[in-house]
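Asks: I am attaching a structure below and will ask some questions about it afterwards.
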Amino acid sequence: MKTILAILFLLTNTIVSAQEQSNNDQVRKFQDELNAEFKNPEKSPLSKRERKKFTGHDFYPINENLRVAAKFTRILNPLPFQMKTTTNRTPTYEKYGEVVFEIEGQQHKLTIYQSHRLRQTEEFKDYLFLPFTDLTNGEETYGGGRYIDLRIPDSDQIVIDFNKAYNPYCAYNNYSSCPIPPKENDLPIKIEAGVKAVKK
């Protein structure tokens, strides 16, 4: 009996370790793609001079505890609204759903949005937008908050990986027009994951 239990324990640990490795590989891929985007003159928010100096973003170490399984609730019949940005631009969004999750035993809720413009395109028709602020802003991370990209889930569960949190373009230049995270998405904790503040 002890041998069987030991084998089951080892198998379980092996499966968990493999899953964590797979998740971490996805985060590293995200980091590599973000760095590549910033080096690409056709996509980068950086000036030519800044691109030459750019060696990569400063990321927090990958934190498994900040990859959370959240309860997803679709908001029925949402009303379109104009989201505030750092400029006079007011793109149309709607509140697509709410997510509830726990971090270190504390429950939190965030709202997920959908862009009316992006959902008209084939590439982004299932794209969801999660802007948020937390207690690291203005110190360890960009003061205006960060973003996470998501896709429409096929169930009432969704994984939110804060290790994939990234800065809006406004963190890198003075001319971009960036959505401002609504107050309802202000987390009263530190999210020490994802991209840190821009190196000076």
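Numbering starts fresh at 1 for the residues of each chain in the structure tokens, the chains themselves are lettered A, B, ... in the order given, and ligands are numbered from 1 as they appear.
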Please, which residues in region 142-191 of chain A fall within 12 Å of region 63-86 of chain A when counting only C-alpha atoms, and what is the closest atom pair and distance in Å to one decimal for each, ordered by chain then residue number, as a Markdown table?
Replies:
| residue | atom | partner | partner_atom | distance |
| --- | --- | --- | --- | --- |
| A:Gly144 | CA | A:Thr86 | CA | 9.4 |
| A:Ile148 | CA | A:Arg67 | CA | 11.9 |
| A:Arg151 | CA | A:Phe72 | CA | 11.9 |
| A:Ile152 | CA | A:Arg74 | CA | 9.9 |
| A:Pro153 | CA | A:Phe72 | CA | 8.2 |
| A:Asp154 | CA | A:Phe72 | CA | 10.1 |
| A:Ser155 | CA | A:Phe72 | CA | 7.8 |
| A:Asp156 | CA | A:Phe72 | CA | 4.7 |
| A:Gln157 | CA | A:Lys71 | CA | 4.9 |
| A:Ile158 | CA | A:Ala70 | CA | 5.3 |
| A:Val159 | CA | A:Ala69 | CA | 4.6 |
| A:Ile160 | CA | A:Val68 | CA | 5.3 |
| A:Asp161 | CA | A:Arg67 | CA | 4.1 |
| A:Phe162 | CA | A:Leu66 | CA | 5.6 |
| A:Asn163 | CA | A:Asn63 | CA | 6.8 |
| A:Lys164 | CA | A:Arg67 | CA | 9.2 |
| A:Ala165 | CA | A:Leu66 | CA | 10.5 |
| A:Pro168 | CA | A:Thr86 | CA | 10.4 |
| A:Tyr169 | CA | A:Thr86 | CA | 10.6 |
| A:Cys170 | CA | A:Thr86 | CA | 8.0 |
| A:Ala171 | CA | A:Thr86 | CA | 11.0 |
| A:Asn173 | CA | A:Thr86 | CA | 11.6 |
| A:Asn174 | CA | A:Thr86 | CA | 9.5 |
| A:Tyr175 | CA | A:Thr86 | CA | 9.1 |
| A:Ser176 | CA | A:Thr86 | CA | 7.9 |
| A:Ser177 | CA | A:Thr86 | CA | 5.4 |
| A:Cys178 | CA | A:Thr85 | CA | 5.1 |
| A:Pro179 | CA | A:Thr85 | CA | 4.1 |
| A:Ile180 | CA | A:Thr85 | CA | 5.1 |
| A:Pro181 | CA | A:Lys84 | CA | 8.3 |
| A:Pro182 | CA | A:Met83 | CA | 8.2 |
| A:Lys183 | CA | A:Lys84 | CA | 11.3 |
| A:Ile189 | CA | A:Leu66 | CA | 11.7 |
| A:Lys190 | CA | A:Leu66 | CA | 10.5 |
| A:Ile191 | CA | A:Leu66 | CA | 7.6 |
Asks: Could you pull out all residues of region 9-101 of chain A with a DSSP call of alpha helix (DSSP H) and give them as a PyMOL selection string?
Replies: chain A and resi 9-39+48-53
Asks: Where does DSSP see strand (DSSP E) in chain A, if you list the residues as a PyMOL selection string?
Replies: chain A and resi 67-74+81-82+92-103+106-115+127-132+146-151+157-161
Asks: Keeping only C-alpha atoms, write the selected residues to a file as a PDB file, in the first residue's frame.
Replies:
ATOM      1  CA  ARG A  67      -1.522  32.940 -12.017  1.00  0.00           C
ATOM      2  CA  VAL A  68      -5.078  32.575 -10.742  1.00  0.00           C
ATOM      3  CA  ALA A  69      -8.120  30.561 -11.741  1.00  0.00           C
ATOM      4  CA  ALA A  70     -11.046  32.976 -11.640  1.00  0.00           C
ATOM      5  CA  LYS A  71     -14.809  32.585 -11.679  1.00  0.00           C
ATOM      6  CA  PHE A  72     -16.072  34.305 -14.823  1.00  0.00           C
ATOM      7  CA  THR A  73     -19.550  35.831 -15.013  1.00  0.00           C
ATOM      8  CA  ARG A  74     -20.832  37.265 -18.282  1.00  0.00           C
ATOM      9  CA  PHE A  81     -19.559  53.433 -22.908  1.00  0.00           C
ATOM     10  CA  GLN A  82     -16.689  55.710 -23.844  1.00  0.00           C
ATOM     11  CA  THR A  92     -16.182  52.538 -27.278  1.00  0.00           C
ATOM     12  CA  TYR A  93     -16.055  49.569 -24.922  1.00  0.00           C
ATOM     13  CA  GLU A  94     -18.530  47.495 -23.023  1.00  0.00           C
ATOM     14  CA  LYS A  95     -18.289  45.600 -19.758  1.00  0.00           C
ATOM     15  CA  TYR A  96     -18.077  42.040 -21.011  1.00  0.00           C
ATOM     16  CA  GLY A  97     -17.806  40.181 -17.712  1.00  0.00           C
ATOM     17  CA  GLU A  98     -16.598  40.061 -14.128  1.00  0.00           C
ATOM     18  CA  VAL A  99     -13.990  37.793 -12.601  1.00  0.00           C
ATOM     19  CA  VAL A 100     -13.659  36.788  -8.960  1.00  0.00           C
ATOM     20  CA  PHE A 101     -10.495  35.180  -7.637  1.00  0.00           C
ATOM     21  CA  GLU A 102      -8.337  34.815  -4.550  1.00  0.00           C
ATOM     22  CA  ILE A 103      -4.776  35.908  -3.866  1.00  0.00           C
ATOM     23  CA  GLN A 106      -8.234  37.461  -0.074  1.00  0.00           C
ATOM     24  CA  GLN A 107     -11.041  37.630  -2.616  1.00  0.00           C
ATOM     25  CA  HIS A 108     -10.892  40.211  -5.399  1.00  0.00           C
ATOM     26  CA  LYS A 109     -13.134  41.203  -8.296  1.00  0.00           C
ATOM     27  CA  LEU A 110     -12.223  42.834 -11.596  1.00  0.00           C
ATOM     28  CA  THR A 111     -14.208  43.857 -14.659  1.00  0.00           C
ATOM     29  CA  ILE A 112     -13.189  42.678 -18.125  1.00  0.00           C
ATOM     30  CA  TYR A 113     -13.943  44.852 -21.154  1.00  0.00           C
ATOM     31  CA  GLN A 114     -14.420  44.345 -24.873  1.00  0.00           C
ATOM     32  CA  SER A 115     -13.497  46.865 -27.556  1.00  0.00           C
ATOM     33  CA  TYR A 127     -10.254  39.574 -27.536  1.00  0.00           C
ATOM     34  CA  LEU A 128     -10.925  40.857 -24.024  1.00  0.00           C
ATOM     35  CA  PHE A 129      -9.182  43.697 -22.225  1.00  0.00           C
ATOM     36  CA  LEU A 130      -8.238  43.765 -18.534  1.00  0.00           C
ATOM     37  CA  PRO A 131      -6.738  47.073 -17.374  1.00  0.00           C
ATOM     38  CA  PHE A 132      -5.912  47.324 -13.670  1.00  0.00           C
ATOM     39  CA  ARG A 146      -1.010  47.870 -16.531  1.00  0.00           C
ATOM     40  CA  TYR A 147      -2.950  45.690 -18.966  1.00  0.00           C
ATOM     41  CA  ILE A 148      -3.591  41.979 -19.519  1.00  0.00           C
ATOM     42  CA  ASP A 149      -4.909  40.501 -22.778  1.00  0.00           C
ATOM     43  CA  LEU A 150      -7.471  37.709 -22.546  1.00  0.00           C
ATOM     44  CA  ARG A 151      -9.703  35.679 -24.831  1.00  0.00           C
ATOM     45  CA  GLN A 157     -13.688  29.699 -15.529  1.00  0.00           C
ATOM     46  CA  ILE A 158     -10.825  31.808 -16.810  1.00  0.00           C
ATOM     47  CA  VAL A 159      -7.125  31.952 -15.970  1.00  0.00           C
ATOM     48  CA  ILE A 160      -5.681  35.380 -15.238  1.00  0.00           C
ATOM     49  CA  ASP A 161      -1.904  35.347 -15.368  1.00  0.00           C
TER      50      ASP A 161
END
Asks: Compare A:Thr121, A:Asn167, A:Glu20, A:Asp186 by their minimum atom-to-atom distance to Leu135 (chain A), counting only C-alpha atoms, and give me the closest one.
Replies: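 That would be A:Asp186, the residue with the smallest distance to Leu135 (chain A).
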Asks: Ile62 (chain A): which residues within 8 Å, counting only C-alpha atoms, same-chain residues fewer than 5 positions away excluded, as JSON, numbers by chain?
Replies: {"A": [24, 27, 163, 193, 194]}
